[in-house]
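Shown next: my_file_35.csv, containing CSV, C-alpha atoms.
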```
chain,number,residue,atom,x,y,z
A,22,MET,CA,11.9,-6.3,-11.4
A,23,LYS,CA,13.4,-5.0,-8.3
A,24,ILE,CA,11.3,-6.5,-5.4
A,25,LEU,CA,11.6,-5.4,-1.8
A,26,PHE,CA,10.2,-7.8,0.9
A,27,VAL,CA,9.5,-6.2,4.3
A,28,HIS,CA,9.1,-8.4,7.4
A,29,GLN,CA,10.5,-7.9,10.9
A,30,ASN,CA,11.1,-11.6,11.1
A,31,PHE,CA,12.0,-12.4,7.5
A,32,PRO,CA,11.6,-14.8,5.8
A,33,GLY,CA,8.4,-15.5,7.6
A,34,GLN,CA,5.7,-16.2,5.0
A,35,PHE,CA,8.1,-15.4,2.2
A,36,LEU,CA,10.3,-18.4,2.8
A,37,HIS,CA,9.8,-20.0,-0.6
A,38,LEU,CA,8.6,-17.0,-2.6
A,39,ALA,CA,11.6,-14.7,-2.2
A,40,PRO,CA,14.3,-17.1,-3.3
A,41,ALA,CA,12.1,-18.4,-6.1
A,42,LEU,CA,11.6,-14.9,-7.5
A,43,ALA,CA,15.4,-14.3,-7.2
A,44,ALA,CA,16.0,-17.5,-9.1
A,45,ARG,CA,13.8,-16.1,-11.9
A,46,GLY,CA,16.1,-13.2,-12.4
A,47,HIS,CA,14.4,-10.6,-10.3
A,48,ARG,CA,16.6,-8.4,-8.0
A,49,VAL,CA,15.2,-9.4,-4.6
A,50,LEU,CA,16.1,-7.6,-1.4
A,51,ALA,CA,14.7,-8.0,2.1
A,52,LEU,CA,14.3,-5.4,4.9
A,53,THR,CA,14.1,-6.8,8.4
A,54,ASP,CA,14.6,-5.9,12.0
A,55,GLU,CA,18.3,-5.5,13.0
A,56,GLU,CA,17.9,-8.3,15.6
A,57,ASN,CA,16.6,-10.8,13.2
A,58,GLN,CA,19.4,-13.2,12.2
A,59,ARG,CA,17.3,-16.0,10.6
A,60,PRO,CA,18.7,-17.4,7.4
A,61,ALA,CA,17.2,-15.5,4.5
A,62,GLY,CA,18.1,-17.0,1.2
A,63,VAL,CA,18.3,-13.6,-0.4
A,64,GLU,CA,20.2,-10.3,0.2
A,65,VAL,CA,19.1,-8.6,3.5
A,66,VAL,CA,19.3,-5.1,4.9
A,67,ARG,CA,18.3,-4.3,8.4
A,68,TYR,CA,16.6,-1.3,10.2
A,69,LYS,CA,17.1,-0.3,13.8
A,70,ALA,CA,14.2,-1.5,16.0
A,71,PRO,CA,12.2,1.1,17.7
A,72,GLY,CA,12.8,1.8,21.4
A,73,LYS,CA,10.0,1.4,23.9
A,74,GLU,CA,10.2,5.0,25.2
A,75,HIS,CA,8.0,6.2,22.4
A,76,LEU,CA,5.0,4.1,23.3
A,77,ALA,CA,1.7,5.8,24.3
A,78,ARG,CA,-0.5,4.3,27.0
A,79,ASN,CA,-3.7,2.3,26.9
A,80,LEU,CA,-5.7,2.5,23.7
A,81,GLY,CA,-3.0,4.2,21.6
A,82,LYS,CA,-0.3,1.8,22.7
A,83,THR,CA,-0.5,-0.7,19.8
A,84,TYR,CA,-0.7,1.9,17.1
A,85,SER,CA,2.1,3.9,18.7
A,86,GLU,CA,4.3,0.9,18.8
A,87,TYR,CA,3.6,-0.2,15.2
A,88,ALA,CA,3.7,3.3,13.8
A,89,GLU,CA,7.2,3.7,15.5
A,90,ARG,CA,8.3,0.5,13.8
A,91,GLY,CA,6.9,1.7,10.5
A,92,TRP,CA,8.9,4.9,11.0
A,93,MET,CA,12.1,3.0,11.6
A,94,ALA,CA,11.5,0.9,8.6
A,95,ALA,CA,10.8,4.0,6.5
A,96,ARG,CA,14.1,5.6,7.7
A,97,GLY,CA,15.9,2.4,6.6
A,98,CYS,CA,14.3,2.6,3.2
A,99,ARG,CA,15.1,6.3,2.9
A,100,ALA,CA,18.8,5.4,3.5
A,101,LEU,CA,18.5,2.7,0.8
A,102,ARG,CA,17.1,5.3,-1.6
A,103,ASP,CA,19.4,8.3,-0.8
A,104,ARG,CA,22.7,6.5,-0.2
A,105,HIS,CA,22.4,3.7,-2.7
A,106,GLY,CA,19.9,4.9,-5.2
A,107,TYR,CA,17.6,1.9,-4.6
A,108,VAL,CA,14.1,2.2,-6.0
A,109,PRO,CA,12.0,-1.0,-6.0
A,110,ASP,CA,9.3,-1.7,-8.5
A,111,VAL,CA,7.3,-3.8,-6.0
A,112,ILE,CA,7.2,-3.8,-2.3
A,113,PHE,CA,5.7,-6.8,-0.6
A,114,GLY,CA,5.5,-6.6,3.2
A,115,HIS,CA,3.7,-8.1,6.1
A,116,SER,CA,1.3,-5.4,7.5
A,117,GLY,CA,1.0,-7.0,11.0
A,118,TRP,CA,3.8,-4.9,12.7
A,119,GLY,CA,3.3,-1.6,10.9
A,120,GLU,CA,6.4,-1.8,8.7
A,121,THR,CA,4.6,-0.9,5.5
A,122,LEU,CA,2.7,2.1,6.9
A,123,PHE,CA,5.0,4.9,5.5
A,124,LEU,CA,6.8,3.3,2.6
A,125,ARG,CA,4.6,5.1,0.1
A,126,GLU,CA,6.2,8.3,1.3
A,127,VAL,CA,9.7,7.0,0.4
A,128,TRP,CA,8.8,5.3,-2.9
A,129,PRO,CA,5.4,6.7,-4.1
A,130,ASP,CA,5.6,5.0,-7.5
A,131,ALA,CA,6.3,1.5,-6.3
A,132,ARG,CA,3.5,-1.0,-6.2
A,133,LEU,CA,2.7,-1.8,-2.6
A,134,LEU,CA,1.5,-5.3,-1.7
A,135,ILE,CA,0.8,-6.5,1.8
A,136,TYR,CA,0.4,-9.8,3.5
A,137,ALA,CA,-2.9,-9.4,5.2
A,138,GLU,CA,-2.8,-12.2,7.8
A,139,LEU,CA,-5.8,-11.4,10.0
A,140,MET,CA,-8.0,-8.5,10.9
A,141,TYR,CA,-9.0,-8.3,14.6
A,142,ASN,CA,-12.8,-8.2,15.1
A,143,THR,CA,-15.1,-7.9,18.2
A,144,GLN,CA,-17.5,-10.6,17.0
A,145,GLY,CA,-17.1,-14.1,15.6
A,146,GLN,CA,-13.5,-14.5,16.4
A,147,ASP,CA,-11.3,-14.8,19.5
A,148,VAL,CA,-12.8,-11.9,21.5
A,149,GLY,CA,-15.4,-13.4,23.9
A,150,PHE,CA,-15.0,-16.8,22.3
A,151,ASP,CA,-13.7,-18.5,25.4
A,152,PRO,CA,-15.3,-17.1,28.6
A,153,GLU,CA,-12.7,-18.8,30.7
A,154,THR,CA,-9.8,-16.7,29.3
A,155,GLY,CA,-11.3,-13.8,27.5
A,156,SER,CA,-13.9,-11.1,28.0
A,157,ASP,CA,-16.7,-9.8,25.9
A,158,SER,CA,-16.8,-6.6,27.9
A,159,LEU,CA,-17.0,-3.2,26.3
A,160,GLU,CA,-13.4,-2.6,27.4
A,161,ALA,CA,-12.2,-5.7,25.6
A,162,ARG,CA,-14.1,-4.8,22.4
A,163,VAL,CA,-12.9,-1.2,22.4
A,164,SER,CA,-9.3,-2.4,22.9
A,165,THR,CA,-9.7,-4.8,19.9
A,166,VAL,CA,-11.0,-2.0,17.7
A,167,ALA,CA,-8.1,0.2,18.8
A,168,ARG,CA,-5.4,-2.3,17.9
A,169,SER,CA,-6.9,-2.8,14.4
A,170,ALA,CA,-6.1,0.7,13.2
A,171,HIS,CA,-2.7,-0.1,11.6
A,172,LEU,CA,-4.1,-3.1,9.8
A,173,LEU,CA,-6.9,-1.1,8.2
A,174,GLN,CA,-4.4,1.7,7.3
A,175,GLY,CA,-2.1,-0.8,5.8
A,176,LEU,CA,-4.8,-2.4,3.6
A,177,VAL,CA,-6.2,1.0,2.5
A,178,GLN,CA,-2.8,2.1,1.4
A,179,ALA,CA,-1.9,-1.1,-0.5
A,180,ASP,CA,-2.5,-1.7,-4.2
A,181,ALA,CA,-3.3,-5.3,-3.4
A,182,ALA,CA,-3.1,-7.8,-0.6
A,183,LEU,CA,-2.6,-11.6,0.0
A,184,SER,CA,-4.2,-13.8,2.6
A,185,PRO,CA,-3.3,-17.5,3.2
A,186,THR,CA,-6.9,-18.8,3.8
A,187,HIS,CA,-10.4,-17.7,2.9
A,188,TYR,CA,-11.2,-17.5,6.6
A,189,GLN,CA,-8.4,-15.1,7.3
A,190,ALA,CA,-9.3,-13.0,4.2
A,191,GLY,CA,-12.9,-12.9,5.4
A,192,THR,CA,-11.9,-11.2,8.7
A,193,PHE,CA,-11.3,-7.9,6.8
A,194,PRO,CA,-14.1,-5.5,6.1
A,195,PRO,CA,-16.2,-6.3,3.1
A,196,GLU,CA,-15.5,-3.0,1.4
A,197,LEU,CA,-11.8,-3.8,1.4
A,198,ARG,CA,-11.9,-7.5,0.7
A,199,GLY,CA,-11.8,-7.0,-3.0
A,200,LYS,CA,-8.2,-6.1,-2.7
A,201,ILE,CA,-7.3,-9.5,-1.2
A,202,THR,CA,-6.2,-12.6,-3.2
A,203,VAL,CA,-6.2,-15.9,-1.3
A,204,ILE,CA,-3.1,-18.1,-1.9
A,205,HIS,CA,-1.6,-20.3,0.9
A,206,ASP,CA,2.1,-20.1,1.6
A,207,GLY,CA,2.4,-23.7,0.6
A,208,ILE,CA,3.6,-27.0,2.1
A,209,ASP,CA,6.6,-29.0,1.0
A,210,THR,CA,4.8,-32.3,0.6
A,211,GLU,CA,7.9,-34.0,-0.6
A,212,LYS,CA,9.6,-33.3,2.7
A,213,VAL,CA,6.4,-33.5,4.8
A,214,ARG,CA,5.1,-37.0,4.1
A,215,PRO,CA,4.3,-40.2,6.0
A,216,ASP,CA,7.2,-42.5,6.9
A,217,PRO,CA,6.4,-46.0,8.2
A,218,ASP,CA,10.0,-46.2,9.5
A,219,ALA,CA,9.8,-43.0,11.5
A,220,ARG,CA,11.1,-42.8,15.0
A,221,LEU,CA,11.4,-40.2,17.7
A,222,THR,CA,13.9,-40.4,20.6
A,223,LEU,CA,12.5,-38.8,23.7
A,224,PRO,CA,14.9,-36.9,26.1
A,225,GLY,CA,14.9,-39.9,28.5
A,226,GLY,CA,16.1,-42.2,25.8
A,227,ARG,CA,12.7,-43.9,25.0
A,228,VAL,CA,12.2,-44.4,21.3
A,229,LEU,CA,8.7,-44.0,19.7
A,230,ARG,CA,8.1,-45.6,16.4
A,231,ALA,CA,5.4,-45.2,13.7
A,232,GLY,CA,2.5,-47.5,14.8
A,233,ASP,CA,3.0,-46.9,18.5
A,234,GLU,CA,0.2,-45.5,20.5
A,235,VAL,CA,1.2,-41.9,20.5
A,236,LEU,CA,-0.9,-38.8,20.9
A,237,SER,CA,0.7,-35.6,19.7
A,238,PHE,CA,-0.1,-31.9,20.3
A,239,VAL,CA,1.9,-29.1,18.7
A,240,SER,CA,1.7,-25.3,19.2
A,241,ARG,CA,4.2,-22.5,19.1
A,242,SER,CA,3.3,-21.8,22.7
A,243,LEU,CA,1.2,-24.0,25.0
A,244,GLU,CA,-1.8,-21.6,25.5
A,245,PRO,CA,-5.6,-21.4,25.4
A,246,TYR,CA,-5.7,-19.8,21.9
A,247,ARG,CA,-4.6,-23.3,20.6
A,248,GLY,CA,-6.8,-25.2,23.0
A,249,PHE,CA,-4.0,-26.3,25.3
A,250,HIS,CA,-6.2,-26.2,28.4
A,251,ARG,CA,-8.9,-28.2,26.7
A,252,PHE,CA,-6.4,-30.8,25.6
A,253,MET,CA,-4.8,-31.1,29.0
A,254,ARG,CA,-8.3,-31.6,30.7
A,255,ALA,CA,-9.0,-34.5,28.3
A,256,LEU,CA,-5.8,-36.4,29.3
A,257,PRO,CA,-6.9,-37.9,32.6
A,258,GLU,CA,-9.8,-39.8,30.9
A,259,VAL,CA,-7.8,-40.5,27.8
A,260,MET,CA,-4.9,-42.0,29.7
A,261,ARG,CA,-7.2,-44.0,32.0
A,262,ALA,CA,-8.9,-45.5,29.0
A,263,ARG,CA,-5.6,-46.1,27.1
A,264,PRO,CA,-3.0,-47.2,29.7
A,265,ASP,CA,-0.3,-47.7,27.0
A,266,ALA,CA,-0.7,-44.3,25.3
A,267,GLN,CA,2.3,-41.9,25.3
A,268,VAL,CA,1.4,-38.2,25.0
A,269,VAL,CA,3.9,-35.9,23.4
A,270,LEU,CA,3.6,-32.1,23.4
A,271,VAL,CA,5.7,-29.6,21.5
A,272,GLY,CA,5.6,-25.9,22.3
A,273,GLY,CA,7.1,-23.2,24.4
A,274,ASP,CA,6.0,-22.1,27.8
A,275,GLY,CA,5.5,-18.5,26.8
A,276,VAL,CA,2.5,-16.8,25.3
A,277,SER,CA,2.2,-16.1,21.5
A,278,TYR,CA,-1.4,-14.9,21.6
A,279,GLY,CA,-3.7,-13.7,24.5
A,280,GLN,CA,-2.7,-13.2,28.1
A,281,ARG,CA,-0.5,-15.0,30.6
A,282,PRO,CA,-2.5,-16.9,33.3
A,283,LYS,CA,-3.1,-15.3,36.6
A,284,GLY,CA,-1.3,-16.9,39.5
A,285,ALA,CA,1.0,-19.1,37.4
A,286,GLU,CA,4.2,-18.6,35.5
A,287,SER,CA,2.8,-20.3,32.4
A,288,TRP,CA,-0.3,-22.1,31.1
A,289,LYS,CA,1.6,-25.4,31.4
A,290,ALA,CA,2.2,-24.7,35.1
A,291,ARG,CA,-1.4,-23.6,35.5
A,292,MET,CA,-2.8,-26.8,34.0
A,293,LEU,CA,-0.4,-29.2,35.8
A,294,ALA,CA,-1.4,-27.6,39.1
A,295,GLU,CA,-5.1,-27.9,38.2
A,296,LEU,CA,-4.7,-31.6,37.2
A,297,ASP,CA,-2.3,-32.5,40.0
A,298,GLY,CA,-2.7,-36.1,41.0
A,299,LYS,CA,-4.9,-36.9,37.9
A,300,LEU,CA,-2.1,-37.4,35.4
A,301,ASP,CA,0.4,-40.2,34.8
A,302,LEU,CA,3.3,-37.8,34.3
A,303,GLY,CA,5.6,-40.6,33.3
A,304,ARG,CA,3.6,-40.9,30.0
A,305,ILE,CA,3.4,-37.2,29.3
A,306,HIS,CA,6.4,-35.7,27.5
A,307,PHE,CA,6.8,-31.9,27.2
A,308,LEU,CA,9.5,-31.4,24.6
A,309,GLY,CA,9.4,-27.6,24.5
A,310,ARG,CA,10.5,-26.2,21.2
A,311,VAL,CA,12.2,-28.8,19.0
A,312,SER,CA,14.1,-29.0,15.7
A,313,TYR,CA,12.1,-29.2,12.6
A,314,ALA,CA,13.3,-32.7,12.0
A,315,ASP,CA,12.1,-33.9,15.4
A,316,TYR,CA,8.8,-32.1,14.9
A,317,LEU,CA,8.3,-34.0,11.6
A,318,SER,CA,9.3,-37.2,13.3
A,319,LEU,CA,6.6,-36.6,16.0
A,320,LEU,CA,3.9,-36.1,13.3
A,321,ARG,CA,5.0,-39.3,11.6
A,322,VAL,CA,4.9,-41.5,14.7
A,323,ALA,CA,1.7,-40.1,16.1
A,324,ARG,CA,-1.3,-42.4,16.0
A,325,VAL,CA,-3.5,-39.4,16.7
A,326,HIS,CA,-2.7,-35.7,16.3
A,327,CYS,CA,-4.9,-33.2,18.2
A,328,TYR,CA,-5.3,-29.7,16.8
A,329,LEU,CA,-7.4,-27.1,18.6
A,330,THR,CA,-7.8,-23.4,18.0
A,331,TYR,CA,-9.9,-20.4,18.6
A,332,PRO,CA,-11.3,-18.7,15.5
A,333,PHE,CA,-8.0,-17.2,14.6
A,334,VAL,CA,-5.0,-17.6,12.3
A,335,LEU,CA,-4.7,-21.2,11.0
A,336,SER,CA,-1.5,-22.9,12.2
A,337,TRP,CA,1.0,-24.3,9.7
A,338,SER,CA,1.1,-27.3,12.0
A,339,LEU,CA,-2.4,-28.4,10.8
A,340,THR,CA,-1.5,-28.4,7.1
A,341,GLU,CA,1.8,-30.1,7.8
A,342,ALA,CA,0.1,-32.7,10.0
A,343,MET,CA,-2.3,-33.4,7.2
A,344,ALA,CA,0.6,-33.7,4.7
A,345,ALA,CA,2.2,-36.2,7.1
A,346,GLY,CA,-0.9,-38.3,6.9
A,347,CYS,CA,-1.9,-37.8,10.5
A,348,TYR,CA,-5.2,-39.0,11.9
A,349,ILE,CA,-6.4,-35.6,13.1
A,350,VAL,CA,-8.9,-34.8,15.9
A,351,ALA,CA,-9.5,-31.0,15.6
A,352,SER,CA,-11.8,-28.3,16.9
A,353,ASP,CA,-14.9,-27.6,14.9
A,354,THR,CA,-14.0,-23.9,14.4
A,355,ALA,CA,-14.2,-21.8,11.2
A,356,PRO,CA,-10.5,-21.7,10.2
A,357,VAL,CA,-10.2,-25.5,10.7
A,358,ARG,CA,-13.3,-26.3,8.6
A,359,GLU,CA,-11.6,-24.8,5.6
A,360,LEU,CA,-9.3,-27.8,5.5
A,361,VAL,CA,-10.8,-30.5,7.6
A,362,THR,CA,-14.1,-32.1,6.7
A,363,ASP,CA,-15.4,-34.3,9.5
A,364,GLY,CA,-15.2,-38.0,8.5
A,365,GLU,CA,-13.2,-37.3,5.3
A,366,THR,CA,-9.9,-35.6,6.3
A,367,GLY,CA,-10.2,-35.7,10.1
A,368,ARG,CA,-12.6,-35.8,13.0
A,369,LEU,CA,-14.1,-32.5,14.3
A,370,VAL,CA,-15.4,-31.9,17.8
A,371,ASP,CA,-16.9,-28.8,19.4
A,372,PHE,CA,-14.1,-26.7,21.0
A,373,PHE,CA,-16.0,-26.8,24.4
A,374,ASP,CA,-17.2,-30.4,24.3
A,375,GLN,CA,-14.8,-32.0,26.7
A,376,PRO,CA,-16.4,-35.5,26.7
A,377,GLY,CA,-16.6,-35.3,22.9
A,378,LEU,CA,-12.9,-34.5,22.7
A,379,GLU,CA,-12.1,-37.4,25.1
A,380,ARG,CA,-14.2,-39.9,23.1
A,381,ALA,CA,-12.7,-38.8,19.8
A,382,LEU,CA,-9.1,-39.1,21.1
A,383,ILE,CA,-9.8,-42.5,22.7
A,384,ARG,CA,-11.5,-43.9,19.6
A,385,GLY,CA,-8.5,-42.8,17.5
A,386,LEU,CA,-5.9,-44.2,19.8
A,387,ALA,CA,-7.9,-47.5,20.1
A,388,GLN,CA,-8.0,-47.7,16.3
A,389,GLN,CA,-11.8,-48.1,16.5
A,390,ASP,CA,-12.5,-45.8,13.5
A,391,PRO,CA,-13.0,-48.0,10.5
A,392,ASP,CA,-12.4,-44.9,8.2
A,393,ALA,CA,-9.0,-44.1,9.8
A,394,ALA,CA,-6.9,-45.2,6.9
A,395,ALA,CA,-9.0,-43.3,4.4
A,396,ILE,CA,-9.0,-40.2,6.6
A,397,ARG,CA,-5.2,-40.2,6.8
A,398,GLU,CA,-4.8,-40.6,3.0
A,399,ASN,CA,-7.5,-38.1,2.3
A,400,ALA,CA,-5.9,-35.6,4.6
A,401,ARG,CA,-2.6,-35.9,2.8
A,402,GLN,CA,-4.2,-35.8,-0.7
A,403,ARG,CA,-6.1,-32.6,0.3
A,404,ILE,CA,-2.8,-30.8,1.0
A,405,VAL,CA,-1.0,-32.3,-2.1
A,406,ALA,CA,-3.8,-31.3,-4.4
A,407,ASP,CA,-4.4,-27.8,-3.1
A,408,TYR,CA,-1.5,-26.6,-0.9
A,409,ASP,CA,1.7,-28.2,-2.3
A,410,PHE,CA,4.1,-25.3,-2.6
A,411,ARG,CA,5.9,-26.6,-5.8
A,412,THR,CA,2.9,-27.4,-7.9
A,413,ARG,CA,0.2,-25.1,-6.5
A,414,SER,CA,1.1,-22.3,-4.1
A,415,LEU,CA,4.5,-21.1,-5.4
A,416,PRO,CA,3.5,-20.8,-9.1
A,417,ARG,CA,0.4,-18.8,-8.1
A,418,LEU,CA,2.4,-16.6,-5.8
A,419,ILE,CA,5.0,-15.9,-8.4
A,420,GLU,CA,2.4,-15.1,-11.0
A,421,TRP,CA,0.6,-12.8,-8.6
A,422,VAL,CA,3.7,-10.8,-7.7
A,423,GLU,CA,4.9,-10.6,-11.3
A,424,SER,CA,1.5,-9.3,-12.4
A,425,PHE,CA,2.4,-6.0,-10.7
A,426,ALA,CA,5.4,-5.5,-13.0
A,427,PRO,CA,5.5,-1.9,-14.3
```
Write-out of the structure in structure tokens:
Amino acid sequence: MKILFVHQNFPGQFLHLAPALAARGHRVLALTDEENQRPAGVEVVRYKAPGKEHLARNLGKTYSEYAERGWMAARGCRALRDRHGYVPDVIFGHSGWGETLFLREVWPDARLLIYAELMYNTQGQDVGFDPETGSDSLEARVSTVARSAHLLQGLVQADAALSPTHYQAGTFPPELRGKITVIHDGIDTEKVRPDPDARLTLPGGRVLRAGDEVLSFVSRSLEPYRGFHRFMRALPEVMRARPDAQVVLVGGDGVSYGQRPKGAESWKARMLAELDGKLDLGRIHFLGRVSYADYLSLLRVARVHCYLTYPFVLSWSLTEAMAAGCYIVASDTAPVRELVTDGETGRLVDFFDQPGLERALIRGLAQQDPDAAAIRENARQRIVADYDFRTRSLPRLIEWVESFAP
């Protein structure tokens, strides 16, 4: 088949799938934003990114932005068709940025598949979940409904869709859910595995080794959606109780989800100001964004890994932490419960239970949990059994895409 992948930040979720399909003899091409220079593993063409001058204001802003991106992607595809005679059998695109919205008008006979990552909803998810950072006002709910339009349109147009978790698939309307198949992107469990000889060198030269008393926290950005504020507020008590513990955080200072804090340049600055004088900053290490190798080293040396999240997209970092055999203390929220069972593959605490979070972290660092070794092993085996990309995810993904052959 001729298969066209569409993703403004390719390869994204198609990291393993696209080259695997190419290796099976399919003619694989990827369409991506002209500014995206990430290594792709397959042939890539680029479309011109939309300018901001086309954006509408207020409620129409999101749809206008993503419809404009969809138009630019469609123009790029029209050029592929008219100048090069390219006609794909299958198009598989991420619907989150509108790139698939108008591709049916370019290639009406191609099978259109979308990656349906998450549907925004006004109840049961991030809207109004955390009263400290979000609002449950009519204005907030109306805004959420408005920014869901392109996601609904994308799923309605698609022949079929893919979601990585049952929780994420379940955020879409019941009447459309029948189009969605659940297959996780997959974890390379041969690469992501425990290492008793692991070590991580901190910027100041200190070396942390597997077995040291290390508490880790990882997020693309240090922000409330991933519980950064709850984690930081737990540290004064955790560090008082565990005077030898080293705390290592990975993540950027920007915002990936939600809003920037008022009165501070970042949530990191906001929390450090709030906790001024209560933290031993000599034992807290903010690494920013790090190489993948250093990130894996952190997971391997951590005695306890903390993962917190709103009801939202599940982070790859949780599945990789489990594959690395981490002892995980996580928020008892719906996306986490799909992977973590309390007492079996991790320890769950209510997202808003600050004392409970502190106790769980202290207990893990103090090695007072008699089930810790079993929890670590069970966590890894859960990922190996159900999420390994070689034996589980990739074969299912290939089979799913190839099932749409003409």
Could you give me, as JSON lines, a per-residue list for range 132-218 of chain A showing, wherever an atom lies at most 6 Å from an atom of range 108-119 of chain A, the closest pair of atoms and their distance in Å to one decimal, using all atoms listed in the file and sorting by chain then residue number from low to high?
```
{"residue": "A:Arg132", "atom": "CA", "partner": "A:Val111", "partner_atom": "CA", "distance": 4.7}
{"residue": "A:Leu133", "atom": "CA", "partner": "A:Ile112", "partner_atom": "CA", "distance": 4.9}
{"residue": "A:Leu134", "atom": "CA", "partner": "A:Phe113", "partner_atom": "CA", "distance": 4.6}
{"residue": "A:Ile135", "atom": "CA", "partner": "A:Gly114", "partner_atom": "CA", "distance": 4.9}
{"residue": "A:Tyr136", "atom": "CA", "partner": "A:His115", "partner_atom": "CA", "distance": 4.5}
{"residue": "A:Gly175", "atom": "CA", "partner": "A:Ser116", "partner_atom": "CA", "distance": 6.0}
```
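Distances to Lys289 in chain A were evaluated for A:Tyr188, A:Phe307, A:Phe123, A:Tyr246 using only C-alpha atoms, and the minimum falls at A:Phe307.
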Close residues, Gln34 in chain A itself excluded, 7 Å, only C-alpha atoms, min 2 positions apart in chain, as a JSON list (two decimals) with C-alpha atoms, keeping the file's coordinate frame:
```json
[["chain", "number", "residue", "atom", "x", "y", "z"],
["A", 32, "PRO", "CA", 11.60, -14.80, 5.80],
["A", 36, "LEU", "CA", 10.30, -18.40, 2.80],
["A", 206, "ASP", "CA", 2.10, -20.10, 1.60]]
```
Test item: residues at most 9 Å from Glu379 in chain A, only C-alpha atoms, excluding those fewer than 5 positions along its chain, as a list in words: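 Residues meeting the cut-off are Phe252, Arg254, Ala255, Leu256, Glu258, Val259, Asp374 and Arg384 of chain A.
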Residues within 12 Å of Asp209 in chain A, all atoms listed in the file, excluding chain neighbours under 2 positions, as a ChimeraX atom specification: /A:36-37,205-207,211-214,317,337,340-345,401,404-415
Who sits within 10 Å of Asn30 in chain A, all atoms listed in the file, same chain under 2 positions skipped, as a list in words: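 Skipping anything fewer than 2 positions along the chain leaves Val27, His28, Pro32, Gly33, Gln34, Leu52, Thr53, Asp54, Glu55, Glu56, Asn57, Gln58, Arg59, Ala61 and His115 of chain A.
For the residues A:Ala323, A:Ala167, A:Ala181, A:Val271, ranking by smallest atom-to-atom distance to Pro217 in chain A using only C-alpha atoms places A:Ala323 first.
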Top pick for closest residue to Met253 in chain A, considering A:Asn399, A:Thr186, A:Gln375, A:Thr121 and counting all atoms listed in the file: A:Gln375
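CA of Leu139 in chain A lies 13.9 Å from CA of Ile204 in chain A.
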Interatomic distance, CA of Gln189 in chain A to CA of Gly91 in chain A (Å, one decimal):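 Here the two named atoms are 22.9 Å from each other.
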Exercise: Leu320 in chain A partners within 12 Å, only C-alpha atoms, chain neighbours under 6 positions left out, as a PyMOL selection string: chain A and resi 213-217+219-221+229-232+235-239+269-271+313-314+326-328+338-349+397
For CA of Leu176 in chain A and CA of Pro194 in chain A, the interatomic separation in Å (one decimal):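 Result for CA of Leu176 in chain A versus CA of Pro194 in chain A: 10.1 Å, one decimal.
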Neighbour residues at most 10 Å from (7.9, -43.1, 24.7) (all atoms listed in the file) as a PyMOL selection string: chain A and resi 221-230+233-235+265-269+303-306
Best match for closeness to Ser352 in chain A among A:Leu124, A:Val311, A:Leu329, A:Val334, counting all atoms listed in the file: A:Leu329
A:Val127, A:Ala190, A:Leu80, A:Val361 ranked by distance to Arg102 in chain A, top pick (using all atoms listed in the file):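 Answer, going by the shortest atom-to-atom distance: A:Val127.
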Generate N, CA and C atoms for range 121-131 of chain A and emit them as a PDB file, in the frame of the given file.
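File selection-v7.pdb, as written:
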```
ATOM      1  N   THR A 121       4.941  -1.441   6.826  1.00  0.00           N
ATOM      2  CA  THR A 121       4.600  -0.900   5.500  1.00  0.00           C
ATOM      3  C   THR A 121       3.914   0.454   5.568  1.00  0.00           C
ATOM      4  N   LEU A 122       3.622   0.962   6.761  1.00  0.00           N
ATOM      5  CA  LEU A 122       2.700   2.100   6.900  1.00  0.00           C
ATOM      6  C   LEU A 122       3.204   3.355   6.156  1.00  0.00           C
ATOM      7  N   PHE A 123       4.502   3.604   6.100  1.00  0.00           N
ATOM      8  CA  PHE A 123       5.000   4.900   5.500  1.00  0.00           C
ATOM      9  C   PHE A 123       5.883   4.692   4.314  1.00  0.00           C
ATOM     10  N   LEU A 124       5.895   3.506   3.736  1.00  0.00           N
ATOM     11  CA  LEU A 124       6.800   3.300   2.600  1.00  0.00           C
ATOM     12  C   LEU A 124       6.363   3.969   1.344  1.00  0.00           C
ATOM     13  N   ARG A 125       5.075   4.269   1.233  1.00  0.00           N
ATOM     14  CA  ARG A 125       4.600   5.100   0.100  1.00  0.00           C
ATOM     15  C   ARG A 125       5.261   6.440   0.057  1.00  0.00           C
ATOM     16  N   GLU A 126       5.593   6.963   1.235  1.00  0.00           N
ATOM     17  CA  GLU A 126       6.200   8.300   1.300  1.00  0.00           C
ATOM     18  C   GLU A 126       7.653   8.269   0.847  1.00  0.00           C
ATOM     19  N   VAL A 127       8.277   7.093   0.867  1.00  0.00           N
ATOM     20  CA  VAL A 127       9.700   7.000   0.400  1.00  0.00           C
ATOM     21  C   VAL A 127       9.681   6.662  -1.094  1.00  0.00           C
ATOM     22  N   TRP A 128       8.834   5.727  -1.529  1.00  0.00           N
ATOM     23  CA  TRP A 128       8.800   5.300  -2.900  1.00  0.00           C
ATOM     24  C   TRP A 128       7.334   5.409  -3.426  1.00  0.00           C
ATOM     25  N   PRO A 129       6.856   6.591  -3.764  1.00  0.00           N
ATOM     26  CA  PRO A 129       5.400   6.700  -4.100  1.00  0.00           C
ATOM     27  C   PRO A 129       5.033   6.008  -5.399  1.00  0.00           C
ATOM     28  N   ASP A 130       5.988   5.678  -6.263  1.00  0.00           N
ATOM     29  CA  ASP A 130       5.600   5.000  -7.500  1.00  0.00           C
ATOM     30  C   ASP A 130       5.718   3.505  -7.484  1.00  0.00           C
ATOM     31  N   ALA A 131       6.236   2.961  -6.404  1.00  0.00           N
ATOM     32  CA  ALA A 131       6.300   1.500  -6.300  1.00  0.00           C
ATOM     33  C   ALA A 131       4.942   0.909  -6.033  1.00  0.00           C
TER      34      ALA A 131
END
```
